[in-house]
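Colleague: Please find my_file_12.cif (mmCIF, N, CA and C atoms) on the next line:
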data_work
#
loop_
_atom_site.label_atom_id
_atom_site.label_comp_id
_atom_site.auth_asym_id
_atom_site.auth_seq_id
_atom_site.Cartn_x
_atom_site.Cartn_y
_atom_site.Cartn_z
N MET A 1 42.13 41.01 -6.06
CA MET A 1 41.58 40.39 -4.88
C MET A 1 40.12 39.96 -5.13
N LYS A 2 39.40 40.86 -5.81
CA LYS A 2 38.00 40.54 -6.09
C LYS A 2 37.90 39.32 -7.01
N THR A 3 38.81 39.18 -7.96
CA THR A 3 38.80 38.05 -8.87
C THR A 3 39.10 36.75 -8.11
N LEU A 4 40.04 36.79 -7.18
CA LEU A 4 40.36 35.61 -6.38
C LEU A 4 39.15 35.17 -5.56
N HIS A 5 38.45 36.14 -5.00
CA HIS A 5 37.25 35.84 -4.22
C HIS A 5 36.18 35.17 -5.09
N THR A 6 36.01 35.65 -6.31
CA THR A 6 35.04 35.09 -7.24
C THR A 6 35.41 33.66 -7.62
N TYR A 7 36.69 33.42 -7.90
CA TYR A 7 37.14 32.07 -8.25
C TYR A 7 36.96 31.10 -7.07
N LEU A 8 37.30 31.56 -5.87
CA LEU A 8 37.12 30.70 -4.69
C LEU A 8 35.64 30.37 -4.46
N LEU A 9 34.78 31.34 -4.66
CA LEU A 9 33.35 31.11 -4.52
C LEU A 9 32.86 30.11 -5.56
N ALA A 10 33.31 30.27 -6.81
CA ALA A 10 32.90 29.34 -7.87
C ALA A 10 33.43 27.93 -7.60
N LEU A 11 34.68 27.83 -7.12
CA LEU A 11 35.25 26.53 -6.81
C LEU A 11 34.51 25.86 -5.65
N THR A 12 34.13 26.64 -4.66
CA THR A 12 33.37 26.11 -3.53
C THR A 12 32.01 25.60 -3.99
N MET A 13 31.34 26.36 -4.83
CA MET A 13 30.02 25.95 -5.34
C MET A 13 30.15 24.67 -6.18
N LEU A 14 31.21 24.58 -6.98
CA LEU A 14 31.41 23.38 -7.78
C LEU A 14 31.65 22.17 -6.89
N ALA A 15 32.44 22.34 -5.85
CA ALA A 15 32.70 21.23 -4.93
C ALA A 15 31.41 20.79 -4.24
N LEU A 16 30.58 21.74 -3.83
CA LEU A 16 29.30 21.40 -3.21
C LEU A 16 28.38 20.66 -4.17
N LEU A 17 28.37 21.07 -5.43
CA LEU A 17 27.55 20.38 -6.42
C LEU A 17 28.02 18.95 -6.65
N VAL A 18 29.33 18.76 -6.74
CA VAL A 18 29.86 17.42 -6.96
C VAL A 18 29.53 16.51 -5.79
N VAL A 19 29.77 16.99 -4.58
CA VAL A 19 29.49 16.17 -3.39
C VAL A 19 27.98 15.93 -3.25
N GLY A 20 27.19 16.95 -3.48
CA GLY A 20 25.73 16.81 -3.39
C GLY A 20 25.18 15.84 -4.40
N SER A 21 25.68 15.88 -5.63
CA SER A 21 25.18 14.95 -6.64
C SER A 21 25.57 13.51 -6.31
N HIS A 22 26.74 13.35 -5.72
CA HIS A 22 27.16 12.00 -5.31
C HIS A 22 26.20 11.43 -4.28
N PHE A 23 25.82 12.23 -3.29
CA PHE A 23 24.91 11.77 -2.26
C PHE A 23 23.49 11.60 -2.79
N ALA A 24 23.11 12.41 -3.75
CA ALA A 24 21.76 12.31 -4.32
C ALA A 24 21.61 11.03 -5.13
N GLN A 25 22.68 10.58 -5.78
CA GLN A 25 22.60 9.38 -6.60
C GLN A 25 22.85 8.11 -5.82
N ALA A 26 23.45 8.23 -4.66
CA ALA A 26 23.78 7.04 -3.87
C ALA A 26 22.51 6.43 -3.28
N ARG A 27 22.46 5.12 -3.28
CA ARG A 27 21.36 4.41 -2.65
C ARG A 27 21.61 4.32 -1.17
N PRO A 28 20.60 4.48 -0.35
CA PRO A 28 20.82 4.36 1.08
C PRO A 28 21.32 2.95 1.43
N ALA A 29 22.41 2.88 2.16
CA ALA A 29 22.99 1.59 2.51
C ALA A 29 22.12 0.84 3.51
N SER A 30 21.36 1.59 4.31
CA SER A 30 20.56 0.95 5.34
C SER A 30 19.18 0.52 4.86
N ALA A 31 18.87 0.77 3.58
CA ALA A 31 17.56 0.40 3.06
C ALA A 31 17.46 -1.12 2.94
N LEU A 32 16.59 -1.70 3.71
CA LEU A 32 16.38 -3.14 3.68
C LEU A 32 15.27 -3.47 2.69
N PRO A 33 15.32 -4.65 2.09
CA PRO A 33 14.22 -5.04 1.21
C PRO A 33 12.91 -5.10 2.01
N GLU A 34 11.84 -4.76 1.34
CA GLU A 34 10.54 -4.77 2.02
C GLU A 34 10.15 -6.20 2.38
N SER A 35 9.45 -6.33 3.48
CA SER A 35 8.99 -7.65 3.91
C SER A 35 7.84 -8.11 3.01
N VAL A 36 7.57 -9.39 3.07
CA VAL A 36 6.47 -9.98 2.31
C VAL A 36 5.16 -9.31 2.70
N GLU A 37 4.99 -9.08 3.99
CA GLU A 37 3.74 -8.47 4.49
C GLU A 37 3.54 -7.07 3.92
N VAL A 38 4.59 -6.27 3.90
CA VAL A 38 4.50 -4.89 3.39
C VAL A 38 4.22 -4.90 1.89
N ARG A 39 4.96 -5.72 1.15
CA ARG A 39 4.76 -5.79 -0.30
C ARG A 39 3.37 -6.27 -0.65
N SER A 40 2.90 -7.31 0.03
CA SER A 40 1.58 -7.85 -0.30
C SER A 40 0.47 -6.87 0.07
N THR A 41 0.62 -6.19 1.19
CA THR A 41 -0.37 -5.19 1.60
C THR A 41 -0.42 -4.04 0.61
N ARG A 42 0.75 -3.57 0.18
CA ARG A 42 0.80 -2.45 -0.78
C ARG A 42 0.14 -2.84 -2.09
N LEU A 43 0.45 -4.03 -2.60
CA LEU A 43 -0.15 -4.46 -3.87
C LEU A 43 -1.65 -4.68 -3.73
N ALA A 44 -2.08 -5.29 -2.63
CA ALA A 44 -3.51 -5.55 -2.43
C ALA A 44 -4.29 -4.24 -2.34
N ARG A 45 -3.73 -3.25 -1.66
CA ARG A 45 -4.41 -1.95 -1.57
C ARG A 45 -4.47 -1.27 -2.93
N TYR A 46 -3.38 -1.37 -3.68
CA TYR A 46 -3.37 -0.79 -5.02
C TYR A 46 -4.45 -1.43 -5.89
N LEU A 47 -4.53 -2.75 -5.86
CA LEU A 47 -5.54 -3.44 -6.66
C LEU A 47 -6.95 -3.11 -6.18
N ALA A 48 -7.14 -3.02 -4.86
CA ALA A 48 -8.46 -2.70 -4.32
C ALA A 48 -8.92 -1.33 -4.79
N THR A 49 -8.01 -0.37 -4.80
CA THR A 49 -8.36 0.98 -5.23
C THR A 49 -8.55 1.04 -6.75
N SER A 50 -7.62 0.47 -7.47
CA SER A 50 -7.66 0.54 -8.94
C SER A 50 -8.85 -0.19 -9.54
N LEU A 51 -9.20 -1.32 -8.94
CA LEU A 51 -10.25 -2.16 -9.52
C LEU A 51 -11.58 -2.05 -8.79
N GLN A 52 -11.63 -1.20 -7.77
CA GLN A 52 -12.85 -0.99 -6.97
C GLN A 52 -13.40 -2.32 -6.46
N LEU A 53 -12.58 -3.02 -5.70
CA LEU A 53 -12.97 -4.33 -5.18
C LEU A 53 -13.89 -4.20 -3.98
N SER A 54 -14.76 -5.19 -3.82
CA SER A 54 -15.62 -5.25 -2.64
C SER A 54 -14.77 -5.68 -1.44
N ARG A 55 -15.31 -5.56 -0.24
CA ARG A 55 -14.57 -5.96 0.98
C ARG A 55 -14.17 -7.43 0.92
N GLN A 56 -15.10 -8.28 0.47
CA GLN A 56 -14.82 -9.70 0.37
C GLN A 56 -13.69 -9.96 -0.64
N GLN A 57 -13.73 -9.27 -1.77
CA GLN A 57 -12.67 -9.41 -2.77
C GLN A 57 -11.34 -8.90 -2.22
N GLN A 58 -11.37 -7.79 -1.47
CA GLN A 58 -10.14 -7.24 -0.90
C GLN A 58 -9.47 -8.25 0.02
N LYS A 59 -10.25 -8.90 0.87
CA LYS A 59 -9.69 -9.89 1.79
C LYS A 59 -9.08 -11.07 1.02
N ALA A 60 -9.78 -11.53 -0.02
CA ALA A 60 -9.29 -12.66 -0.81
C ALA A 60 -8.02 -12.28 -1.57
N VAL A 61 -7.98 -11.07 -2.11
CA VAL A 61 -6.79 -10.61 -2.84
C VAL A 61 -5.61 -10.47 -1.87
N GLN A 62 -5.87 -9.91 -0.69
CA GLN A 62 -4.80 -9.77 0.32
C GLN A 62 -4.22 -11.14 0.68
N ARG A 63 -5.08 -12.10 0.90
CA ARG A 63 -4.65 -13.45 1.29
C ARG A 63 -3.84 -14.11 0.17
N SER A 64 -4.36 -14.05 -1.06
CA SER A 64 -3.66 -14.72 -2.17
C SER A 64 -2.36 -14.00 -2.54
N THR A 65 -2.34 -12.68 -2.40
CA THR A 65 -1.12 -11.93 -2.70
C THR A 65 -0.03 -12.24 -1.67
N ARG A 66 -0.43 -12.31 -0.41
CA ARG A 66 0.54 -12.66 0.65
C ARG A 66 1.11 -14.06 0.39
N GLN A 67 0.24 -15.00 0.03
CA GLN A 67 0.69 -16.36 -0.24
C GLN A 67 1.64 -16.39 -1.44
N TYR A 68 1.33 -15.62 -2.48
CA TYR A 68 2.18 -15.56 -3.67
C TYR A 68 3.57 -15.02 -3.32
N PHE A 69 3.60 -13.92 -2.58
CA PHE A 69 4.90 -13.34 -2.21
C PHE A 69 5.67 -14.25 -1.25
N GLN A 70 4.97 -14.99 -0.41
CA GLN A 70 5.64 -15.95 0.47
C GLN A 70 6.28 -17.07 -0.36
N GLN A 71 5.59 -17.51 -1.40
CA GLN A 71 6.16 -18.53 -2.28
C GLN A 71 7.42 -18.01 -2.96
N LEU A 72 7.37 -16.77 -3.45
CA LEU A 72 8.54 -16.20 -4.10
C LEU A 72 9.69 -16.02 -3.11
N ALA A 73 9.36 -15.60 -1.89
CA ALA A 73 10.40 -15.44 -0.87
C ALA A 73 11.03 -16.79 -0.51
N ALA A 74 10.21 -17.84 -0.47
CA ALA A 74 10.74 -19.17 -0.18
C ALA A 74 11.68 -19.64 -1.29
N LEU A 75 11.46 -19.16 -2.50
CA LEU A 75 12.34 -19.49 -3.62
C LEU A 75 13.58 -18.60 -3.64
N GLY A 76 13.63 -17.62 -2.72
CA GLY A 76 14.77 -16.70 -2.67
C GLY A 76 14.66 -15.56 -3.65
N GLU A 77 13.45 -15.26 -4.09
CA GLU A 77 13.26 -14.21 -5.08
C GLU A 77 12.73 -12.95 -4.43
N THR A 78 13.22 -11.82 -4.87
CA THR A 78 12.75 -10.51 -4.44
C THR A 78 12.60 -9.65 -5.69
N PRO A 79 11.95 -8.50 -5.60
CA PRO A 79 11.87 -7.63 -6.77
C PRO A 79 13.26 -7.19 -7.24
N GLU A 80 14.19 -7.01 -6.28
CA GLU A 80 15.53 -6.57 -6.64
C GLU A 80 16.35 -7.71 -7.23
N GLN A 81 16.05 -8.95 -6.87
CA GLN A 81 16.82 -10.11 -7.32
C GLN A 81 15.88 -11.25 -7.67
N PRO A 82 15.26 -11.20 -8.84
CA PRO A 82 14.38 -12.30 -9.22
C PRO A 82 15.20 -13.55 -9.50
N GLY A 83 14.60 -14.70 -9.25
CA GLY A 83 15.29 -15.96 -9.51
C GLY A 83 15.28 -16.25 -10.99
N LEU A 84 16.44 -16.32 -11.57
CA LEU A 84 16.54 -16.56 -13.00
C LEU A 84 17.39 -17.80 -13.23
N VAL A 85 17.08 -18.52 -14.29
CA VAL A 85 17.86 -19.69 -14.65
C VAL A 85 18.40 -19.51 -16.06
N ALA A 86 19.53 -20.11 -16.32
CA ALA A 86 20.16 -19.99 -17.63
C ALA A 86 19.39 -20.81 -18.66
N THR A 87 19.47 -20.37 -19.90
CA THR A 87 18.83 -21.10 -21.00
C THR A 87 19.92 -21.65 -21.92
N ALA A 88 19.51 -22.32 -22.96
CA ALA A 88 20.47 -22.88 -23.90
C ALA A 88 21.24 -21.77 -24.62
N THR A 89 20.62 -20.61 -24.77
CA THR A 89 21.28 -19.48 -25.42
C THR A 89 22.18 -18.80 -24.39
N GLU A 90 23.43 -18.66 -24.71
CA GLU A 90 24.38 -18.07 -23.76
C GLU A 90 24.00 -16.62 -23.45
N GLY A 91 24.05 -16.27 -22.18
CA GLY A 91 23.77 -14.91 -21.75
C GLY A 91 22.30 -14.59 -21.59
N ARG A 92 21.43 -15.55 -21.80
CA ARG A 92 19.98 -15.31 -21.69
C ARG A 92 19.46 -16.00 -20.44
N LEU A 93 18.67 -15.27 -19.67
CA LEU A 93 18.10 -15.81 -18.44
C LEU A 93 16.58 -15.75 -18.49
N LEU A 94 15.96 -16.74 -17.89
CA LEU A 94 14.50 -16.81 -17.81
C LEU A 94 14.09 -17.02 -16.35
N PRO A 95 12.85 -16.67 -16.01
CA PRO A 95 12.38 -16.94 -14.65
C PRO A 95 12.42 -18.43 -14.35
N SER A 96 12.63 -18.76 -13.10
CA SER A 96 12.70 -20.18 -12.71
C SER A 96 11.33 -20.83 -12.91
N PRO A 97 11.31 -22.13 -13.18
CA PRO A 97 10.02 -22.84 -13.36
C PRO A 97 9.12 -22.74 -12.13
N ALA A 98 9.71 -22.78 -10.94
CA ALA A 98 8.91 -22.67 -9.72
C ALA A 98 8.26 -21.30 -9.62
N ALA A 99 8.98 -20.25 -10.02
CA ALA A 99 8.41 -18.91 -9.99
C ALA A 99 7.30 -18.77 -11.03
N LEU A 100 7.49 -19.37 -12.18
CA LEU A 100 6.44 -19.34 -13.21
C LEU A 100 5.19 -20.07 -12.74
N GLN A 101 5.37 -21.18 -12.04
CA GLN A 101 4.23 -21.93 -11.51
C GLN A 101 3.50 -21.11 -10.45
N ALA A 102 4.24 -20.44 -9.58
CA ALA A 102 3.63 -19.60 -8.56
C ALA A 102 2.85 -18.46 -9.21
N GLU A 103 3.41 -17.87 -10.25
CA GLU A 103 2.74 -16.79 -10.98
C GLU A 103 1.45 -17.29 -11.62
N GLN A 104 1.51 -18.45 -12.23
CA GLN A 104 0.33 -19.01 -12.88
C GLN A 104 -0.77 -19.30 -11.85
N THR A 105 -0.41 -19.86 -10.71
CA THR A 105 -1.38 -20.15 -9.66
C THR A 105 -2.00 -18.85 -9.15
N TYR A 106 -1.18 -17.82 -8.98
CA TYR A 106 -1.67 -16.52 -8.52
C TYR A 106 -2.66 -15.93 -9.52
N GLN A 107 -2.32 -16.01 -10.81
CA GLN A 107 -3.22 -15.49 -11.85
C GLN A 107 -4.55 -16.24 -11.86
N GLN A 108 -4.50 -17.54 -11.68
CA GLN A 108 -5.73 -18.34 -11.65
C GLN A 108 -6.59 -17.98 -10.44
N THR A 109 -5.94 -17.75 -9.31
CA THR A 109 -6.68 -17.37 -8.11
C THR A 109 -7.35 -16.02 -8.30
N LEU A 110 -6.61 -15.06 -8.87
CA LEU A 110 -7.19 -13.74 -9.10
C LEU A 110 -8.34 -13.82 -10.11
N ALA A 111 -8.23 -14.67 -11.10
CA ALA A 111 -9.30 -14.83 -12.09
C ALA A 111 -10.59 -15.32 -11.43
N ARG A 112 -10.46 -16.13 -10.37
CA ARG A 112 -11.65 -16.61 -9.64
C ARG A 112 -12.21 -15.52 -8.73
N ILE A 113 -11.38 -14.62 -8.24
CA ILE A 113 -11.81 -13.57 -7.31
C ILE A 113 -12.46 -12.41 -8.06
N PHE A 114 -11.85 -11.97 -9.14
CA PHE A 114 -12.30 -10.80 -9.88
C PHE A 114 -13.50 -11.12 -10.78
N THR A 115 -14.26 -10.08 -11.07
CA THR A 115 -15.26 -10.19 -12.13
C THR A 115 -14.52 -10.16 -13.46
N PRO A 116 -15.15 -10.55 -14.56
CA PRO A 116 -14.45 -10.51 -15.85
C PRO A 116 -13.91 -9.11 -16.20
N GLY A 117 -14.69 -8.08 -15.91
CA GLY A 117 -14.23 -6.72 -16.18
C GLY A 117 -13.04 -6.33 -15.31
N GLN A 118 -13.08 -6.72 -14.04
CA GLN A 118 -11.96 -6.43 -13.14
C GLN A 118 -10.70 -7.17 -13.59
N TYR A 119 -10.86 -8.42 -14.00
CA TYR A 119 -9.69 -9.18 -14.43
C TYR A 119 -9.11 -8.60 -15.71
N ASN A 120 -9.97 -8.13 -16.60
CA ASN A 120 -9.50 -7.49 -17.82
C ASN A 120 -8.71 -6.23 -17.46
N ALA A 121 -9.22 -5.43 -16.52
CA ALA A 121 -8.50 -4.22 -16.09
C ALA A 121 -7.19 -4.58 -15.40
N TYR A 122 -7.20 -5.63 -14.60
CA TYR A 122 -5.98 -6.09 -13.94
C TYR A 122 -4.95 -6.51 -14.98
N SER A 123 -5.37 -7.24 -15.98
CA SER A 123 -4.45 -7.66 -17.04
C SER A 123 -3.85 -6.46 -17.76
N TRP A 124 -4.67 -5.47 -18.01
CA TRP A 124 -4.18 -4.25 -18.66
C TRP A 124 -3.17 -3.55 -17.76
N LEU A 125 -3.44 -3.45 -16.46
CA LEU A 125 -2.52 -2.80 -15.53
C LEU A 125 -1.16 -3.49 -15.48
N THR A 126 -1.17 -4.81 -15.48
CA THR A 126 0.09 -5.54 -15.37
C THR A 126 0.92 -5.50 -16.64
N ARG A 127 0.30 -5.14 -17.77
CA ARG A 127 1.05 -5.03 -19.01
C ARG A 127 1.67 -3.66 -19.19
N GLN A 128 1.35 -2.70 -18.32
CA GLN A 128 1.90 -1.36 -18.44
C GLN A 128 3.37 -1.37 -17.99
N PRO A 129 4.20 -0.47 -18.56
CA PRO A 129 5.63 -0.45 -18.23
C PRO A 129 5.91 -0.36 -16.73
N ASP A 130 5.21 0.48 -16.00
CA ASP A 130 5.39 0.60 -14.55
C ASP A 130 4.11 0.16 -13.87
N GLY A 131 3.66 -1.02 -14.23
CA GLY A 131 2.39 -1.54 -13.76
C GLY A 131 2.33 -1.87 -12.29
N GLY A 132 1.25 -2.53 -11.90
CA GLY A 132 0.93 -2.81 -10.51
C GLY A 132 2.02 -3.44 -9.69
N ARG A 133 2.81 -4.28 -10.28
CA ARG A 133 3.86 -4.92 -9.49
C ARG A 133 5.13 -4.36 -9.88
#
Would you kindly transcribe this structure into structure tokens?

Modeller:
Amino acid sequence: MKTLHTYLLALTMLALLVVGSHFAQARPASALPESVEVRSTRLARYLATSLQLSRQQQKAVQRSTRQYFQQLAALGETPEQPGLVATATEGRLLPSPAALQAEQTYQQTLARIFTPGQYNAYSWLTRQPDGGR
């Protein structure tokens, strides 16, 4: 009887672990993509803190970041689903030309806002594996 109780307890614990791990790995179905406003505010605050931006620089970065994310949203791009186009090589995808243009414009705007040292630090941050964006 004691052995049966032990096996039932072990089986119950195993079932709880299997069900628990399934729920732990599942993505919430109700999680909506973040809005442009939330994403741009989060990135602007991160840059303001990381690069020690002045108030004037913070406002300019917030404005240009919001505009950049609005351009990407207008192209139908999100962090979860970037807009990619096929290349001549089968199975290879590249960012869309419009997204590349928006990125280039954003980089040029930030280069005008930041000091050279801040832009150098920003460039270093964006090259990191889990960088600013």

Colleague: Show me, as a PyMOL selection string, the residues that have an atom within 10 Å of Thr115 in chain A when counting only C-alpha atoms, minus same-chain residues fewer than 4 positions from it.

Modeller: chain A and resi 51+53+57+110-111+119-121

Colleague: Rounded to one decimal place, report the CA of Ala102 in chain A-CA of Phe69 in chain A distance in Å.

Modeller: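 Interatomic distance, CA of Ala102 in chain A to CA of Phe69 in chain A: 9.0 Å.
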
Colleague: Out of range 29-60 of chain A, which residues get helix (DSSP H, G or I) from DSSP, as a list in words?

Modeller: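 Secondary structure check on range 29-60 of chain A, helix (DSSP H, G or I): Val36, Glu37, Val38, Arg39, Ser40, Thr41, Arg42, Leu43, Ala44, Arg45, Tyr46, Leu47, Ala48, Thr49, Ser50, Leu51, Arg55, Gln56, Gln57, Gln58, Lys59 and Ala60 of chain A.
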
Colleague: Give the answer as one residue: which of A:Thr6, A:Gly20, A:Phe114, A:Arg39 has the shortest atom-to-atom distance to Gln67 in chain A, using only C-alpha atoms?

Modeller: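 Of A:Thr6, A:Gly20, A:Phe114, A:Arg39, the one nearest Gln67 in chain A is A:Arg39, counting only C-alpha atoms.
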
Colleague: Would you mind reading off the distance between CA of Gln101 in chain A and atom C of Ser54 in chain A, one decimal, in Å?

Modeller: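 Atom C of Ser54 in chain A lies at a distance of 27.0 Å from CA of Gln101 in chain A.
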
Colleague: Calculate how many Å separate CA of Ala99 in chain A from atom N of Leu72 in chain A, rounding to one decimal.

Modeller: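 Atom-to-atom, CA of Ala99 in chain A to atom N of Leu72 in chain A, that is 7.0 Å.
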
Colleague: Between A:Thr3, A:Tyr122, A:Gln128, A:Glu34, which has the minimum distance to Ser50 in chain A (counting all atoms listed in the file)?

Modeller: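 Of A:Thr3, A:Tyr122, A:Gln128, A:Glu34, the one nearest Ser50 in chain A is A:Tyr122, counting all atoms listed in the file.
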
Colleague: So, counting only C-alpha atoms, which residue among A:Gln70, A:Thr12, A:Thr49, A:Gln56 is closest to Val36 in chain A?

Modeller: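 Checking each candidate against Val36 in chain A, we get A:Gln70 as the closest.
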